[in-house]
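Let me begin by presenting the structure, written as structure tokens, before commenting on it.
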Amino acid sequence: MPSTQSLTVTPPPDLARWRKGMREELIARRMAAPAEERRGWSLAISLHLLHALPWRAGLVIGFCWPYKAEYDPRPLLRTLRQRGMSCALPVVIQRAEPLLFRHWSPGVTMEKGPLGIAYPVGTAQVDPDLLLVPLVGFGRAGDRLGYGGGYFDRTLAALEPRPLSVGVGFELCQVDSTFPQAHDIAMDAIVTERSLRWQQNSALEEVSPQQLRERLADLAQVRAQSARINAHTVPLSPL
């Protein structure tokens with residue numbers, strides 16, 4: 001099985017096999033960490049997120065139901081709901097298609113989807129403003145290793161305006177590179193228990209909570225303005 005210690009920037013000859021092996025290794029490493037230690041890491045991540053993201057009343061936050069000892073955002077989301085924000089969970093409608101998001105709050109009816117991950121049933125479909133995206137692994141360029149379905153890449157490419165994407169995970173899941181392909185979309189920022197990282201020009205920069213909050217807010221404004229312009233642009237008719 002591949003090791004993160006021996007990873008180089010040279011792509012492996014069989015990328016799919018490498019990613020599968022690395023995914024298994026990183027999940028096993030995460031699950032092997034003591035539960036108490038993971039709880040401490042999750043608390044640190046929640047505190048980072050609370051102070052470093054551009055929260056506002058009315059914001060729709062997309063998140064994932066925690067799976068295989070991932071960071072659990074639900075305690076943080078309880079606080080954010082009390083501040084006037086709402087939450088949504090992804091739903092797989094069809095294989096190899098973008099996800100859609102349905103409103104979630106405690107007590108809504110839930111069913112099990114692919115991988116046995118819960119999703120809400122019968123609630124309103126919403127478009128998230130910000131996504132907390134779980135990291136199986138992440139590289140030094142802000143690239144993300146997920147569970148291999150490509151759903152978040154397709155979703156980020158399809159939504160207009162594109163929501164802010166913040167990868168959340170534990171420091172032990174960092175590798176030099178996940179060897180992203182042309183269709184892979186880097187996270188806007190990555191938050192672990194140790195640091196806040198801003199992604200720009202295929203590189204990660206450690207930043208302060210204020211810097212990350214301001215940069216994400218500016219990026220959201222740029223994307224919203226671009227979406228408004230695109231919505232009012234009339235396609236040229238072919239000659």
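Here, A, B, ... name the chains of the structure tokens in the order displayed, residue numbers run from 1 inside each chain, and ligands are numbered from 1 in the same displayed order.
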Just list as an MDAnalysis selection string whatever in segment 3-238 of chain A DSSP marks as alpha helix (DSSP H). chainID A and resid 15:32 35:52 74:82 151:158 209:231
For Gly84 of chain A: contacts at 10 Å, only C-alpha atoms, fewer than 4 positions along chain excluded, given as an NGL selection string: :A and (55-60 or 79-80)
Spatial neighbours of segment 164-169 of chain A, max dist 8 Å, only C-alpha atoms, sep filter under 4 positions, as a PyMOL selection string: chain A and resi 45+70-71+129-137+144+173+187-193+216+219-220
Okay, now the selection with N, CA, C and O atoms, as a short mmCIF file (atom, residue, chain, number, x, y, z; two decimals), in the first residue's frame?
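The resulting file, again02.cif, is reproduced below:
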```cif
data_model
loop_
_atom_site.label_atom_id
_atom_site.label_comp_id
_atom_site.auth_asym_id
_atom_site.auth_seq_id
_atom_site.Cartn_x
_atom_site.Cartn_y
_atom_site.Cartn_z
N ILE A 45 -11.14 22.25 14.84
CA ILE A 45 -11.61 22.63 13.51
C ILE A 45 -12.85 23.50 13.62
O ILE A 45 -12.98 24.53 12.94
N GLU A 70 -14.81 10.84 10.25
CA GLU A 70 -14.53 12.17 9.72
C GLU A 70 -14.78 13.24 10.78
O GLU A 70 -15.43 13.00 11.81
N TYR A 71 -14.32 14.44 10.47
CA TYR A 71 -14.71 15.62 11.26
C TYR A 71 -16.23 15.72 11.28
O TYR A 71 -16.90 15.57 10.26
N ASP A 129 -24.64 28.20 -0.27
CA ASP A 129 -23.71 29.32 -0.47
C ASP A 129 -22.29 28.92 -0.12
O ASP A 129 -21.33 29.50 -0.64
N LEU A 130 -22.17 27.95 0.76
CA LEU A 130 -20.86 27.53 1.25
C LEU A 130 -20.91 26.03 1.52
O LEU A 130 -21.89 25.54 2.08
N LEU A 131 -19.87 25.34 1.11
CA LEU A 131 -19.79 23.89 1.31
C LEU A 131 -18.65 23.55 2.25
O LEU A 131 -17.51 24.01 2.05
N LEU A 132 -18.95 22.76 3.27
CA LEU A 132 -17.93 22.15 4.11
C LEU A 132 -17.69 20.75 3.55
O LEU A 132 -18.52 19.86 3.70
N VAL A 133 -16.57 20.58 2.87
CA VAL A 133 -16.33 19.36 2.09
C VAL A 133 -15.35 18.46 2.84
O VAL A 133 -14.23 18.87 3.14
N PRO A 134 -15.75 17.24 3.16
CA PRO A 134 -14.84 16.34 3.89
C PRO A 134 -13.64 15.93 3.04
O PRO A 134 -13.76 15.71 1.84
N LEU A 135 -12.50 15.84 3.70
CA LEU A 135 -11.26 15.47 3.03
C LEU A 135 -10.85 14.07 3.43
O LEU A 135 -10.62 13.80 4.61
N VAL A 136 -10.76 13.18 2.46
CA VAL A 136 -10.04 11.93 2.71
C VAL A 136 -8.55 12.25 2.71
O VAL A 136 -7.79 11.79 3.55
N GLY A 137 -8.15 13.08 1.74
CA GLY A 137 -6.78 13.55 1.68
C GLY A 137 -6.73 14.90 0.99
O GLY A 137 -7.68 15.29 0.31
N ARG A 144 -7.97 17.88 -3.64
CA ARG A 144 -8.69 17.04 -2.67
C ARG A 144 -8.79 15.60 -3.16
O ARG A 144 -9.07 15.36 -4.33
N CYS A 173 -4.18 13.73 7.08
CA CYS A 173 -4.59 13.33 5.73
C CYS A 173 -3.87 14.14 4.65
O CYS A 173 -4.19 14.00 3.47
N MET A 187 -10.09 23.03 -3.63
CA MET A 187 -10.84 23.73 -2.60
C MET A 187 -10.41 25.21 -2.56
O MET A 187 -9.27 25.55 -2.86
N ASP A 188 -11.34 26.09 -2.17
CA ASP A 188 -10.97 27.50 -1.99
C ASP A 188 -10.11 27.67 -0.75
O ASP A 188 -9.23 28.54 -0.70
N ALA A 189 -10.36 26.86 0.25
CA ALA A 189 -9.59 26.91 1.49
C ALA A 189 -9.62 25.53 2.11
O ALA A 189 -10.50 24.71 1.82
N ILE A 190 -8.65 25.27 2.99
CA ILE A 190 -8.59 24.01 3.72
C ILE A 190 -8.37 24.33 5.19
O ILE A 190 -7.50 25.13 5.54
N VAL A 191 -9.18 23.69 6.02
CA VAL A 191 -9.10 23.92 7.47
C VAL A 191 -8.88 22.58 8.16
O VAL A 191 -9.63 21.62 7.95
N THR A 192 -7.82 22.52 8.94
CA THR A 192 -7.54 21.34 9.77
C THR A 192 -7.48 21.80 11.23
O THR A 192 -7.64 22.99 11.53
N GLU A 193 -7.18 20.86 12.12
CA GLU A 193 -7.08 21.22 13.53
C GLU A 193 -5.89 22.12 13.80
O GLU A 193 -5.85 22.82 14.82
N LEU A 216 -12.48 34.96 1.64
CA LEU A 216 -13.65 34.20 1.23
C LEU A 216 -14.84 35.11 0.94
O LEU A 216 -15.59 34.89 -0.02
N LEU A 219 -14.26 36.66 -2.42
CA LEU A 219 -14.45 35.67 -3.49
C LEU A 219 -15.93 35.43 -3.73
O LEU A 219 -16.37 35.31 -4.89
N ALA A 220 -16.72 35.35 -2.67
CA ALA A 220 -18.16 35.15 -2.82
C ALA A 220 -18.79 36.31 -3.58
O ALA A 220 -19.66 36.09 -4.44
#
```
Can I get the residues of segment 64-99 of chain A within 8 Å of segment 108-128 of chain A, each with the closest pair of atoms and their distance in Å to one decimal, using only C-alpha atoms, sorted chain first then ascending number, as JSON lines?
```
{"residue": "A:Trp65", "atom": "CA", "partner": "A:Ala118", "partner_atom": "CA", "distance": 6.5}
{"residue": "A:Tyr67", "atom": "CA", "partner": "A:Ile117", "partner_atom": "CA", "distance": 7.0}
{"residue": "A:Ala88", "atom": "CA", "partner": "A:Pro128", "partner_atom": "CA", "distance": 7.1}
{"residue": "A:Leu89", "atom": "CA", "partner": "A:Tyr119", "partner_atom": "CA", "distance": 6.2}
{"residue": "A:Pro90", "atom": "CA", "partner": "A:Tyr119", "partner_atom": "CA", "distance": 6.8}
{"residue": "A:Val91", "atom": "CA", "partner": "A:Tyr119", "partner_atom": "CA", "distance": 6.2}
{"residue": "A:Val92", "atom": "CA", "partner": "A:Gly113", "partner_atom": "CA", "distance": 7.4}
```
Long-range neighbours of Arg78 of chain A as a list in words, 12 Å cut-off, only C-alpha atoms, 3 positions minimum in chain: Ser46, Leu50, Ile61, Asp72, Pro73, Arg74, Pro75, Arg81, Gln82, Arg83, Gly84, Met85, Ser86, Cys87, Trp104, Ser105 and Pro106 of chain A
Could you check which of A:Leu212, A:Leu172, A:Val207, A:Ile229 is closest to Glu25 of chain A, using only C-alpha atoms? A:Leu172
I'd like to know which of A:Phe138, A:Ala182, A:Leu99, A:Gln199 is closest to Arg154 of chain A, using only C-alpha atoms.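 Once distances to Arg154 of chain A are computed over only C-alpha atoms, the minimum belongs to A:Leu99.
Proximity ranking of A:Arg215, A:Arg140, A:Arg38, A:Arg162 relative to Ala203 of chain A places A:Arg140 first, based on only C-alpha atoms.
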Can you work out which one of A:Leu159, A:Leu26, A:Ala35, A:Ala52 has the shortest atom-to-atom distance to Gln211 of chain A, counting only C-alpha atoms?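 Distance minimum relative to Gln211 of chain A lands on A:Ala52.
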Just want the 12 Å neighbourhood of Ala141 of chain A, counted on only C-alpha atoms, with same-chain residues fewer than 5 positions away dropped. Output as a list in words.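 What passes the distance filter is Val9, Gln174, Val175, Asp176, Ser177, Thr178, Phe179, Pro180, Asp184, Ile185, Ala186, Met187, Asp188, Ala189, Ile190, Arg197, Trp198, Gln199, Gln200, Asn201, Ser202, Ala203, Leu204 and Glu205 of chain A.
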Expected file: the selected residues, N, CA, C and O atoms, as a compact mmCIF listing (two decimals), in the first residue's frame:
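Contents of the output file selection-v7.txt:
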```
# COMPACT_ATOMS: atom_id res chain seq x y z
N VAL A 9 6.09 14.19 -6.50
CA VAL A 9 5.23 14.95 -7.40
C VAL A 9 5.12 14.28 -8.75
O VAL A 9 4.41 14.76 -9.63
N GLN A 174 -2.88 14.96 5.04
CA GLN A 174 -2.15 15.72 4.02
C GLN A 174 -1.13 14.84 3.31
O GLN A 174 -0.43 14.04 3.94
N VAL A 175 -1.05 15.00 1.99
CA VAL A 175 -0.04 14.36 1.16
C VAL A 175 0.59 15.44 0.28
O VAL A 175 0.11 16.57 0.23
N ASP A 176 1.66 15.11 -0.40
CA ASP A 176 2.27 16.10 -1.28
C ASP A 176 1.32 16.47 -2.42
O ASP A 176 1.18 17.64 -2.77
N SER A 177 0.70 15.48 -3.01
CA SER A 177 -0.22 15.72 -4.11
C SER A 177 -1.20 14.55 -4.22
O SER A 177 -0.85 13.41 -3.92
N THR A 178 -2.42 14.87 -4.65
CA THR A 178 -3.38 13.82 -5.00
C THR A 178 -3.39 13.62 -6.51
O THR A 178 -4.22 12.88 -7.02
N PHE A 179 -2.50 14.31 -7.21
CA PHE A 179 -2.38 14.23 -8.67
C PHE A 179 -3.72 14.56 -9.34
O PHE A 179 -4.32 13.72 -10.02
N PRO A 180 -4.19 15.81 -9.15
CA PRO A 180 -5.50 16.19 -9.71
C PRO A 180 -5.49 16.14 -11.23
O PRO A 180 -4.48 16.44 -11.87
N ASP A 184 -10.79 17.88 -11.86
CA ASP A 184 -10.76 18.02 -10.40
C ASP A 184 -10.69 19.50 -10.03
O ASP A 184 -9.87 20.24 -10.57
N ILE A 185 -11.53 19.93 -9.10
CA ILE A 185 -11.60 21.32 -8.68
C ILE A 185 -11.00 21.46 -7.29
O ILE A 185 -11.44 20.79 -6.35
N ALA A 186 -10.01 22.33 -7.16
CA ALA A 186 -9.36 22.55 -5.87
C ALA A 186 -10.31 23.25 -4.91
O ALA A 186 -11.22 23.99 -5.31
N MET A 187 -10.09 23.03 -3.63
CA MET A 187 -10.84 23.73 -2.60
C MET A 187 -10.41 25.21 -2.56
O MET A 187 -9.27 25.55 -2.86
N ASP A 188 -11.34 26.09 -2.17
CA ASP A 188 -10.97 27.50 -1.99
C ASP A 188 -10.11 27.67 -0.75
O ASP A 188 -9.23 28.54 -0.70
N ALA A 189 -10.36 26.86 0.25
CA ALA A 189 -9.59 26.91 1.49
C ALA A 189 -9.62 25.53 2.11
O ALA A 189 -10.50 24.71 1.82
N ILE A 190 -8.65 25.27 2.99
CA ILE A 190 -8.59 24.01 3.72
C ILE A 190 -8.37 24.33 5.19
O ILE A 190 -7.50 25.13 5.54
N ARG A 197 -5.73 27.35 5.66
CA ARG A 197 -4.95 27.50 4.43
C ARG A 197 -5.85 28.06 3.33
O ARG A 197 -6.95 27.55 3.11
N TRP A 198 -5.33 29.04 2.63
CA TRP A 198 -6.00 29.67 1.50
C TRP A 198 -5.37 29.15 0.22
O TRP A 198 -4.14 29.08 0.11
N GLN A 199 -6.21 28.78 -0.75
CA GLN A 199 -5.71 28.25 -2.01
C GLN A 199 -5.76 29.32 -3.09
O GLN A 199 -6.79 29.94 -3.33
N GLN A 200 -4.65 29.53 -3.73
CA GLN A 200 -4.60 30.47 -4.86
C GLN A 200 -3.45 30.07 -5.77
O GLN A 200 -2.35 29.77 -5.28
N ASN A 201 -3.72 30.06 -7.08
CA ASN A 201 -2.69 29.73 -8.06
C ASN A 201 -2.02 28.39 -7.76
O ASN A 201 -0.79 28.25 -7.83
N SER A 202 -2.85 27.42 -7.41
CA SER A 202 -2.39 26.04 -7.16
C SER A 202 -1.35 25.96 -6.05
O SER A 202 -0.38 25.19 -6.12
N ALA A 203 -1.55 26.76 -5.02
CA ALA A 203 -0.67 26.71 -3.85
C ALA A 203 -1.49 27.05 -2.62
O ALA A 203 -2.46 27.80 -2.69
N LEU A 204 -1.09 26.48 -1.49
CA LEU A 204 -1.76 26.75 -0.22
C LEU A 204 -0.90 27.70 0.61
O LEU A 204 0.32 27.54 0.70
N GLU A 205 -1.57 28.68 1.21
CA GLU A 205 -0.90 29.67 2.06
C GLU A 205 -1.57 29.66 3.42
O GLU A 205 -2.80 29.78 3.52
```
So that I can check the secondary structure, give me every residue of segment 109-235 of chain A assigned strand (DSSP E or B) by backbone DSSP, as a ChimeraX atom specification. /A:110-112,118-120,125-126,130-134,137-138,144-145,164-168,174,189-191,196-200,203-206
Dump as a short mmCIF file (atom, residue, chain, number, x, y, z; two decimals), in the first residue's frame, selection limited to N, CA, C and O atoms:
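Resulting contents of part_25.cif:
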```cif
data_model
loop_
_atom_site.label_atom_id
_atom_site.label_comp_id
_atom_site.auth_asym_id
_atom_site.auth_seq_id
_atom_site.Cartn_x
_atom_site.Cartn_y
_atom_site.Cartn_z
N MET A 110 -34.86 10.87 7.50
CA MET A 110 -33.60 10.56 6.84
C MET A 110 -33.64 9.14 6.31
O MET A 110 -34.29 8.26 6.89
N GLU A 111 -32.95 8.92 5.19
CA GLU A 111 -32.76 7.59 4.64
C GLU A 111 -31.28 7.39 4.34
O GLU A 111 -30.51 8.35 4.31
N LYS A 112 -30.90 6.14 4.07
CA LYS A 112 -29.51 5.82 3.76
C LYS A 112 -29.31 5.82 2.24
O LYS A 112 -30.08 5.22 1.50
N ALA A 118 -26.46 9.03 5.40
CA ALA A 118 -27.83 9.51 5.53
C ALA A 118 -28.06 10.79 4.72
O ALA A 118 -27.17 11.62 4.57
N TYR A 119 -29.31 10.92 4.23
CA TYR A 119 -29.72 12.15 3.54
C TYR A 119 -31.19 12.41 3.87
O TYR A 119 -31.94 11.50 4.20
N PRO A 120 -31.62 13.69 3.80
CA PRO A 120 -33.00 14.03 4.16
C PRO A 120 -33.97 13.69 3.04
O PRO A 120 -33.63 13.74 1.85
N GLN A 125 -35.45 21.53 -1.82
CA GLN A 125 -34.16 21.59 -2.49
C GLN A 125 -33.62 23.01 -2.39
O GLN A 125 -34.36 23.99 -2.60
N VAL A 126 -32.35 23.17 -2.08
CA VAL A 126 -31.73 24.48 -1.91
C VAL A 126 -30.37 24.48 -2.60
O VAL A 126 -29.78 23.43 -2.84
N LEU A 130 -22.17 27.95 0.76
CA LEU A 130 -20.86 27.53 1.25
C LEU A 130 -20.91 26.03 1.52
O LEU A 130 -21.89 25.54 2.08
N LEU A 131 -19.87 25.34 1.11
CA LEU A 131 -19.79 23.89 1.31
C LEU A 131 -18.65 23.55 2.25
O LEU A 131 -17.51 24.01 2.05
N LEU A 132 -18.95 22.76 3.27
CA LEU A 132 -17.93 22.15 4.11
C LEU A 132 -17.69 20.75 3.55
O LEU A 132 -18.52 19.86 3.70
N VAL A 133 -16.57 20.58 2.87
CA VAL A 133 -16.33 19.36 2.09
C VAL A 133 -15.35 18.46 2.84
O VAL A 133 -14.23 18.87 3.14
N PRO A 134 -15.75 17.24 3.16
CA PRO A 134 -14.84 16.34 3.89
C PRO A 134 -13.64 15.93 3.04
O PRO A 134 -13.76 15.71 1.84
N GLY A 137 -8.15 13.08 1.74
CA GLY A 137 -6.78 13.55 1.68
C GLY A 137 -6.73 14.90 0.99
O GLY A 137 -7.68 15.29 0.31
N PHE A 138 -5.63 15.63 1.16
CA PHE A 138 -5.46 16.88 0.43
C PHE A 138 -3.99 17.10 0.13
O PHE A 138 -3.11 16.68 0.88
N ARG A 144 -7.97 17.88 -3.64
CA ARG A 144 -8.69 17.04 -2.67
C ARG A 144 -8.79 15.60 -3.16
O ARG A 144 -9.07 15.36 -4.33
N LEU A 145 -8.58 14.68 -2.24
CA LEU A 145 -8.88 13.28 -2.50
C LEU A 145 -10.16 12.95 -1.75
O LEU A 145 -10.23 13.09 -0.52
N LEU A 164 -18.71 28.77 -2.12
CA LEU A 164 -17.40 28.66 -1.50
C LEU A 164 -17.19 27.22 -1.06
O LEU A 164 -18.11 26.58 -0.53
N SER A 165 -16.01 26.70 -1.28
CA SER A 165 -15.71 25.32 -0.90
C SER A 165 -14.57 25.30 0.11
O SER A 165 -13.46 25.76 -0.19
N VAL A 166 -14.87 24.81 1.29
CA VAL A 166 -13.87 24.74 2.36
C VAL A 166 -13.67 23.26 2.70
O VAL A 166 -14.57 22.60 3.21
N GLY A 167 -12.50 22.75 2.38
CA GLY A 167 -12.18 21.38 2.72
C GLY A 167 -11.88 21.27 4.21
O GLY A 167 -11.12 22.08 4.75
N VAL A 168 -12.50 20.29 4.87
CA VAL A 168 -12.29 20.11 6.31
C VAL A 168 -11.81 18.69 6.58
O VAL A 168 -12.36 17.72 6.06
N GLN A 174 -2.88 14.96 5.04
CA GLN A 174 -2.15 15.72 4.02
C GLN A 174 -1.13 14.84 3.31
O GLN A 174 -0.43 14.04 3.94
N ALA A 189 -10.36 26.86 0.25
CA ALA A 189 -9.59 26.91 1.49
C ALA A 189 -9.62 25.53 2.11
O ALA A 189 -10.50 24.71 1.82
N ILE A 190 -8.65 25.27 2.99
CA ILE A 190 -8.59 24.01 3.72
C ILE A 190 -8.37 24.33 5.19
O ILE A 190 -7.50 25.13 5.54
N VAL A 191 -9.18 23.69 6.02
CA VAL A 191 -9.10 23.92 7.47
C VAL A 191 -8.88 22.58 8.16
O VAL A 191 -9.63 21.62 7.95
N LEU A 196 -5.25 27.16 9.08
CA LEU A 196 -6.14 27.64 8.03
C LEU A 196 -5.29 27.88 6.80
O LEU A 196 -4.25 28.54 6.87
N ARG A 197 -5.73 27.35 5.66
CA ARG A 197 -4.95 27.50 4.43
C ARG A 197 -5.85 28.06 3.33
O ARG A 197 -6.95 27.55 3.11
N TRP A 198 -5.33 29.04 2.63
CA TRP A 198 -6.00 29.67 1.50
C TRP A 198 -5.37 29.15 0.22
O TRP A 198 -4.14 29.08 0.11
N GLN A 199 -6.21 28.78 -0.75
CA GLN A 199 -5.71 28.25 -2.01
C GLN A 199 -5.76 29.32 -3.09
O GLN A 199 -6.79 29.94 -3.33
N GLN A 200 -4.65 29.53 -3.73
CA GLN A 200 -4.60 30.47 -4.86
C GLN A 200 -3.45 30.07 -5.77
O GLN A 200 -2.35 29.77 -5.28
N ALA A 203 -1.55 26.76 -5.02
CA ALA A 203 -0.67 26.71 -3.85
C ALA A 203 -1.49 27.05 -2.62
O ALA A 203 -2.46 27.80 -2.69
N LEU A 204 -1.09 26.48 -1.49
CA LEU A 204 -1.76 26.75 -0.22
C LEU A 204 -0.90 27.70 0.61
O LEU A 204 0.32 27.54 0.70
N GLU A 205 -1.57 28.68 1.21
CA GLU A 205 -0.90 29.67 2.06
C GLU A 205 -1.57 29.66 3.42
O GLU A 205 -2.80 29.78 3.52
N GLU A 206 -0.78 29.53 4.48
CA GLU A 206 -1.35 29.62 5.82
C GLU A 206 -1.71 31.07 6.11
O GLU A 206 -0.92 31.98 5.86
#
```
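Using only C-alpha atoms, the smallest distance between any of A:Leu156, A:Ala227, A:Arg102, A:Gln181 and Pro11 of chain A comes from A:Gln181.
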Using only C-alpha atoms: which of A:Leu47, A:Leu15, A:Ala28, A:Ala224 has the shortest distance to Glu160 of chain A: A:Ala224
Coordinates-based distance that separates atom CA of Met31 of chain A from atom CA of Lys68 of chain A (Å, one decimal): 6.6 Å
